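File shown here: protein-v7.cif, holding mmCIF, C-alpha atoms and all ligand atoms.
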```
data_my_file
#
loop_
_atom_site.label_atom_id
_atom_site.label_comp_id
_atom_site.auth_asym_id
_atom_site.auth_seq_id
_atom_site.Cartn_x
_atom_site.Cartn_y
_atom_site.Cartn_z
CA MET Y 1 -2.24 -63.47 18.18
CA ILE Y 2 -4.95 -61.00 19.24
CA GLU Y 3 -5.70 -58.24 16.76
CA TYR Y 4 -6.83 -55.00 18.40
CA LYS Y 5 -9.04 -52.62 16.46
CA LEU Y 6 -10.19 -49.18 17.42
CA THR Y 7 -13.66 -49.90 16.15
CA ASN Y 8 -15.48 -52.61 14.36
CA LYS Y 9 -17.09 -50.20 11.98
CA ARG Y 10 -15.65 -50.64 8.55
CA LYS Y 11 -16.54 -49.06 5.24
CA ILE Y 12 -15.14 -50.45 2.05
CA MET Y 13 -14.50 -47.74 -0.50
CA PHE Y 14 -14.49 -48.38 -4.18
CA ARG Y 15 -14.13 -46.19 -7.22
CA LYS Y 16 -17.34 -45.86 -9.14
CA PRO Y 17 -16.81 -46.69 -12.82
CA MET Y 18 -17.08 -43.62 -15.08
CA THR Y 19 -20.11 -43.28 -17.32
CA PHE Y 20 -19.73 -42.80 -21.06
CA MET Y 21 -20.36 -39.04 -20.78
CA GLU Y 22 -17.76 -38.76 -18.04
CA ARG Y 23 -15.23 -40.64 -20.09
CA ILE Y 24 -15.49 -38.30 -23.10
CA TYR Y 25 -15.03 -35.24 -20.76
CA LEU Y 26 -17.09 -33.07 -23.10
CA PRO Y 27 -19.84 -32.09 -20.62
CA ALA Y 28 -17.18 -31.16 -18.04
CA VAL Y 29 -15.30 -29.05 -20.61
CA LEU Y 30 -18.52 -27.30 -21.68
CA LYS Y 31 -19.46 -26.68 -18.05
CA GLY Y 32 -16.03 -25.13 -17.41
CA MET Y 33 -16.34 -22.91 -20.48
CA ALA Y 34 -19.81 -21.78 -19.41
CA ILE Y 35 -18.42 -20.76 -16.01
CA THR Y 36 -15.57 -18.84 -17.71
CA LEU Y 37 -18.01 -17.12 -20.10
CA SER Y 38 -20.35 -16.16 -17.27
CA HIS Y 39 -17.45 -14.26 -15.64
CA LEU Y 40 -17.14 -12.03 -18.75
CA PHE Y 41 -20.49 -10.44 -17.92
CA LYS Y 42 -19.94 -10.08 -14.20
CA LYS Y 43 -18.68 -6.92 -12.50
CA LYS Y 44 -14.87 -7.07 -12.32
CA ALA Y 45 -13.33 -7.48 -8.88
CA THR Y 46 -10.04 -5.97 -10.06
CA ILE Y 47 -9.22 -2.41 -11.17
CA GLN Y 48 -6.50 -0.96 -13.41
CA TYR Y 49 -4.38 0.55 -10.61
CA PRO Y 50 -2.72 3.11 -10.62
CA GLU Y 51 -4.74 4.65 -13.48
CA GLN Y 52 -7.93 3.71 -11.67
CA LYS Y 53 -8.30 4.20 -7.93
CA ARG Y 54 -10.90 2.97 -5.49
CA PRO Y 55 -12.67 5.53 -3.30
CA MET Y 56 -11.06 5.58 0.12
CA SER Y 57 -12.84 5.50 3.45
CA GLU Y 58 -13.38 8.83 5.19
CA VAL Y 59 -11.16 7.69 8.05
CA PHE Y 60 -8.33 6.33 5.88
CA ARG Y 61 -4.92 7.71 6.89
CA GLY Y 62 -2.62 8.11 3.91
CA LEU Y 63 0.22 10.36 2.89
CA HIS Y 64 1.00 13.40 5.04
CA ILE Y 65 0.63 16.99 3.95
CA LEU Y 66 2.12 20.09 5.57
CA LYS Y 67 -0.57 22.72 5.31
CA ARG Y 68 -0.37 26.40 4.50
CA ASP Y 69 -2.60 29.08 6.03
CA GLU Y 70 -5.13 31.24 4.14
CA GLN Y 71 -2.33 33.59 3.01
CA GLY Y 72 -0.22 30.71 1.70
CA ALA Y 73 2.37 30.75 4.50
CA GLU Y 74 3.61 27.46 5.95
CA ARG Y 75 1.87 26.70 9.23
CA CYS Y 76 4.60 24.51 10.74
CA THR Y 77 6.65 26.20 13.43
CA ALA Y 78 9.14 23.36 13.92
CA CYS Y 79 8.06 22.83 17.53
CA GLY Y 80 8.92 19.14 17.26
CA LEU Y 81 5.76 17.85 18.97
CA CYS Y 82 4.88 15.65 16.01
CA ALA Y 83 8.33 14.03 16.10
CA LEU Y 84 7.98 13.54 19.85
CA ALA Y 85 4.56 11.91 19.46
CA CYS Y 86 5.67 9.66 16.63
CA PRO Y 87 5.99 6.08 17.93
CA ALA Y 88 8.03 5.05 14.90
CA GLU Y 89 10.54 7.91 15.15
CA ALA Y 90 9.85 8.62 11.51
CA ILE Y 91 9.94 12.43 11.66
CA THR Y 92 13.06 14.57 11.69
CA MET Y 93 13.34 18.31 11.29
CA THR Y 94 15.66 21.27 11.53
CA ALA Y 95 14.34 24.55 12.88
CA ALA Y 96 15.33 27.92 11.50
CA GLU Y 97 14.53 31.53 12.34
CA ARG Y 98 12.36 33.47 9.93
CA LYS Y 99 13.97 36.53 8.34
CA PRO Y 100 11.89 39.74 8.12
CA GLU Y 101 11.53 39.36 4.36
CA GLU Y 102 10.20 35.80 4.78
CA LYS Y 103 7.01 36.79 6.61
CA LYS Y 104 4.88 35.74 3.67
CA LEU Y 105 6.52 32.31 3.51
CA TYR Y 106 6.28 31.20 7.14
CA ARG Y 107 3.49 32.02 9.56
CA GLU Y 108 5.55 31.85 12.75
CA GLU Y 109 8.95 33.28 13.67
CA LYS Y 110 10.39 29.79 13.69
CA TYR Y 111 9.92 27.37 10.82
CA ALA Y 112 11.20 23.99 9.63
CA SER Y 113 14.00 24.50 7.14
CA VAL Y 114 14.18 20.72 6.86
CA TYR Y 115 11.23 18.45 7.54
CA GLU Y 116 11.44 14.79 6.64
CA ILE Y 117 9.23 11.76 7.15
CA ASN Y 118 10.56 8.27 6.55
CA MET Y 119 7.58 6.46 5.06
CA LEU Y 120 9.26 3.10 5.56
CA ARG Y 121 9.11 3.68 9.29
CA CYS Y 122 5.72 5.39 9.39
CA ILE Y 123 2.79 3.26 10.51
CA PHE Y 124 0.21 5.91 9.54
CA CYS Y 125 -1.16 6.07 13.06
CA GLY Y 126 -2.01 9.77 12.82
CA LEU Y 127 -0.47 10.70 16.19
CA CYS Y 128 1.61 13.43 14.53
CA GLU Y 129 -1.60 15.03 13.29
CA GLU Y 130 -3.15 14.86 16.74
CA ALA Y 131 -0.05 16.30 18.44
CA CYS Y 132 0.30 19.32 16.16
CA PRO Y 133 -0.79 22.54 17.90
CA LYS Y 134 -0.71 24.53 14.65
CA ALA Y 135 -2.95 22.32 12.49
CA ALA Y 136 0.04 22.04 10.20
CA ILE Y 137 0.26 18.33 9.50
CA PHE Y 138 -2.52 16.09 8.25
CA LEU Y 139 -2.77 12.61 6.84
CA GLN Y 140 -4.67 12.72 3.57
CA ASN Y 141 -7.46 10.20 3.08
CA ASP Y 142 -7.12 9.93 -0.68
CA VAL Y 143 -3.36 9.72 -1.33
CA MET Y 144 -1.02 6.83 -0.58
CA ALA Y 145 2.79 6.75 -0.63
CA PRO Y 146 3.55 5.15 -3.99
CA ALA Y 147 5.63 1.99 -4.24
CA SER Y 148 9.28 2.21 -5.24
CA PHE Y 149 12.35 0.00 -5.47
CA GLU Y 150 14.62 2.74 -4.09
CA ARG Y 151 14.90 3.27 -0.34
CA GLU Y 152 15.60 7.01 -0.79
CA ASP Y 153 12.23 7.49 -2.49
CA PHE Y 154 10.52 6.89 0.84
CA ILE Y 155 12.22 9.80 2.59
CA TYR Y 156 9.70 12.57 2.04
CA GLY Y 157 11.09 16.07 2.36
CA LYS Y 158 9.35 19.43 2.25
CA ASP Y 159 9.37 19.35 -1.55
CA ARG Y 160 6.83 16.53 -1.42
CA LEU Y 161 5.09 17.26 1.87
CA VAL Y 162 4.23 20.96 1.76
CA GLU Y 163 0.85 21.76 0.28
CA PRO Y 164 1.24 23.29 -3.20
CA LEU Y 165 0.53 27.01 -3.42
CA LYS Y 166 -2.96 27.84 -4.69
CA LEU Y 167 -2.65 30.16 -7.66
CA ASN Y 168 -5.56 32.60 -8.06
S1 LIG N 201 1.53 8.77 11.18
FE1 LIG N 201 2.31 7.95 13.11
S2 LIG N 201 4.12 6.82 12.54
FE2 LIG N 201 3.62 8.12 10.79
S3 LIG N 201 4.85 9.97 11.06
FE3 LIG N 201 2.85 10.35 12.03
S4 LIG N 201 3.10 9.75 14.18
FE4 LIG N 201 4.80 8.86 13.03
S1 LIG N 202 3.99 19.83 12.09
FE1 LIG N 202 3.01 20.74 13.88
S2 LIG N 202 3.79 19.54 15.60
FE2 LIG N 202 5.15 19.12 13.87
S3 LIG N 202 6.79 20.58 14.11
FE3 LIG N 202 5.28 21.52 12.76
S4 LIG N 202 3.98 22.72 14.11
FE4 LIG N 202 5.11 21.31 15.41
#
```
If you took the structure in this file and wrote it as structure tokens, what would it be?
Amino acid sequence: MIEYKLTNKRKIMFRKPMTFMERIYLPAVLKGMAITLSHLFKKKATIQYPEQKRPMSEVFRGLHILKRDEQGAERCTACGLCALACPAEAITMTAAERKPEEKKLYREEKYASVYEINMLRCIFCGLCEEACPKAAIFLQNDVMAPASFEREDFIYGKDRLVEPLKLN
């Protein structure tokens, strides 16, 4: 019978017998402990989030904010361009007409009585910000939508989106 081989090169492997020091494992244990101890004095790679936060990049796109003007009136005029530009269909709104006594609250005659963003749909692309003709919506570069176990927590309404009033 002919035996075919791929190659005639052959290397016989054998396990090297352990030295005395290797058999007592002590040097290996000490080496491991030295590595562990050295990590105590190194700069930590982890941080205590959410108490501690890392500085974000200038171009980071985080949670949205609906801005007010210099007088504190809401800038959004419920034109719907942000919702139209949104590729994830994450924005919904209801427009309402401003009453004469609400001039201080809303800058334009039309405003969003309901404005919601579904953060589970949002891909933080920033197209809503680019589409807005009133400079009303921005994506903040230092705030993220916090994690939650409840689906409803990711529907952000005006209560969480509108910029807080600046008190003088
Ligand atoms: S950031 Fe993008 S995906 Fe999110 S609401 Fe704006 S347009 Fe839609
Ligand atoms: S945020 Fe801007 S684009 Fe969106 S509805 Fe308001 S004014 Fe229009």
Centre and edge lengths of an axis-aligned box around all listed atoms of ligand LIG 202 (chain N), with 4 Å added on each side, are to be given in Å to one decimal, as JSON.
```
{"center_x": 4.9, "center_y": 20.9, "center_z": 13.8, "size_x": 11.8, "size_y": 11.6, "size_z": 11.5}
```
**Request:** Identify which of the residues Y:Ala90, Y:Leu26, Y:Ala147, Y:Met33 lies closest to Y:Met119, counting all atoms listed in the file when measuring atom-to-atom distances.
**Result:** Y:Ala90
Per residue of stretch 48-119 of chain Y within 10 Å of stretch 153-164 of chain Y, record the nearest atom pair and its distance in Å to one decimal, counting only C-alpha atoms, with rows in chain order and ascending residue number, as CSV.
```
residue,atom,partner,partner_atom,distance
Y:Leu63,CA,Y:Leu161,CA,8.5
Y:His64,CA,Y:Leu161,CA,6.5
Y:Ile65,CA,Y:Leu161,CA,4.9
Y:Leu66,CA,Y:Val162,CA,4.4
Y:Lys67,CA,Y:Glu163,CA,5.3
Y:Arg68,CA,Y:Glu163,CA,6.4
Y:Asp69,CA,Y:Glu163,CA,9.9
Y:Gly72,CA,Y:Pro164,CA,9.0
Y:Glu74,CA,Y:Val162,CA,7.8
Y:Arg75,CA,Y:Val162,CA,9.7
Y:Cys76,CA,Y:Val162,CA,9.7
Y:Ala90,CA,Y:Ile155,CA,9.3
Y:Ile91,CA,Y:Tyr156,CA,9.6
Y:Thr92,CA,Y:Gly157,CA,9.7
Y:Met93,CA,Y:Gly157,CA,9.5
Y:Ala112,CA,Y:Lys158,CA,8.9
Y:Ser113,CA,Y:Lys158,CA,8.4
Y:Val114,CA,Y:Lys158,CA,6.8
Y:Tyr115,CA,Y:Lys158,CA,5.7
Y:Glu116,CA,Y:Gly157,CA,4.5
Y:Ile117,CA,Y:Tyr156,CA,5.2
Y:Asn118,CA,Y:Ile155,CA,4.6
Y:Met119,CA,Y:Phe154,CA,5.2
```
For C-alpha atoms, I'd like the residues from the last selection saved as a PDB file, in the coordinates of the input.
```
ATOM      1  CA  LEU Y  63       0.220  10.360   2.890  1.00  0.00           C
ATOM      2  CA  HIS Y  64       1.000  13.400   5.040  1.00  0.00           C
ATOM      3  CA  ILE Y  65       0.630  16.990   3.950  1.00  0.00           C
ATOM      4  CA  LEU Y  66       2.120  20.090   5.570  1.00  0.00           C
ATOM      5  CA  LYS Y  67      -0.570  22.720   5.310  1.00  0.00           C
ATOM      6  CA  ARG Y  68      -0.370  26.400   4.500  1.00  0.00           C
ATOM      7  CA  ASP Y  69      -2.600  29.080   6.030  1.00  0.00           C
ATOM      8  CA  GLY Y  72      -0.220  30.710   1.700  1.00  0.00           C
ATOM      9  CA  GLU Y  74       3.610  27.460   5.950  1.00  0.00           C
ATOM     10  CA  ARG Y  75       1.870  26.700   9.230  1.00  0.00           C
ATOM     11  CA  CYS Y  76       4.600  24.510  10.740  1.00  0.00           C
ATOM     12  CA  ALA Y  90       9.850   8.620  11.510  1.00  0.00           C
ATOM     13  CA  ILE Y  91       9.940  12.430  11.660  1.00  0.00           C
ATOM     14  CA  THR Y  92      13.060  14.570  11.690  1.00  0.00           C
ATOM     15  CA  MET Y  93      13.340  18.310  11.290  1.00  0.00           C
ATOM     16  CA  ALA Y 112      11.200  23.990   9.630  1.00  0.00           C
ATOM     17  CA  SER Y 113      14.000  24.500   7.140  1.00  0.00           C
ATOM     18  CA  VAL Y 114      14.180  20.720   6.860  1.00  0.00           C
ATOM     19  CA  TYR Y 115      11.230  18.450   7.540  1.00  0.00           C
ATOM     20  CA  GLU Y 116      11.440  14.790   6.640  1.00  0.00           C
ATOM     21  CA  ILE Y 117       9.230  11.760   7.150  1.00  0.00           C
ATOM     22  CA  ASN Y 118      10.560   8.270   6.550  1.00  0.00           C
ATOM     23  CA  MET Y 119       7.580   6.460   5.060  1.00  0.00           C
TER      24      MET Y 119
END
```
**Prompt:** Using only C-alpha atoms and all ligand atoms, which of the listed residues (Y:Lys31, Y:Arg107, Y:His39, Y:Arg151) sits closest to ligand LIG 202 (chain N)?
**Reply:** Y:Arg107
Where does chain Y meet ligand LIG 202 (chain N) within 6 Å, residue by residue, with the nearest atom pair and distance in Å to one decimal for each, counting all atoms listed in the file, listed by chain and rising number, as a tab-separated table?
```
residue	atom	partner	partner_atom	distance
Y:Cys76	CA	N:LIG202	FE3	3.7
Y:Thr77	CA	N:LIG202	S4	4.4
Y:Ala78	CA	N:LIG202	S3	3.6
Y:Cys79	CA	N:LIG202	FE4	3.9
Y:Gly80	CA	N:LIG202	S3	4.1
Y:Leu81	CA	N:LIG202	S2	4.3
Y:Cys82	CA	N:LIG202	S2	4.1
Y:Ala131	CA	N:LIG202	S2	5.8
Y:Cys132	CA	N:LIG202	S2	3.5
Y:Pro133	CA	N:LIG202	FE1	5.8
Y:Lys134	CA	N:LIG202	S4	5.1
Y:Ala136	CA	N:LIG202	FE1	4.9
Y:Ile137	CA	N:LIG202	S1	4.8
```
**Request:** Mind checking which residues fall within 10 Å of Y:Val59, counting only C-alpha atoms, ignoring those fewer than 3 positions away in the same chain, and posting them as number ranges by chain?
**Result:** Y: 56, 62, 139-142
**Message:** One number please: atom CA of Y:Glu130 to atom CA of Y:Lys99, in Å, one decimal.
**Reply:** 28.9 Å
**Message:** Please return as a ChimeraX atom specification the residues found within 6 Å of ligand LIG 201 (chain N), counting all atoms listed in the file.
**Reply:** /Y:85-88,90-91,122-128
Next, write the just-selected residues to a file, as a compact mmCIF listing (two decimals), keeping the file's coordinate frame, keeping C-alpha atoms as the atom set.
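Output file again_14.txt follows:
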```txt
# COMPACT_ATOMS: atom_id res chain seq x y z
CA ALA Y 85 4.56 11.91 19.46
CA CYS Y 86 5.67 9.66 16.63
CA PRO Y 87 5.99 6.08 17.93
CA ALA Y 88 8.03 5.05 14.90
CA ALA Y 90 9.85 8.62 11.51
CA ILE Y 91 9.94 12.43 11.66
CA CYS Y 122 5.72 5.39 9.39
CA ILE Y 123 2.79 3.26 10.51
CA PHE Y 124 0.21 5.91 9.54
CA CYS Y 125 -1.16 6.07 13.06
CA GLY Y 126 -2.01 9.77 12.82
CA LEU Y 127 -0.47 10.70 16.19
CA CYS Y 128 1.61 13.43 14.53
```
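Atom pair atom CA of Y:Tyr111 / atom CA of Y:Leu84: separated by 16.6 Å.
Put simply, atom CA of Y:Arg98 is 11.7 Å away from atom CA of Y:Ala73.
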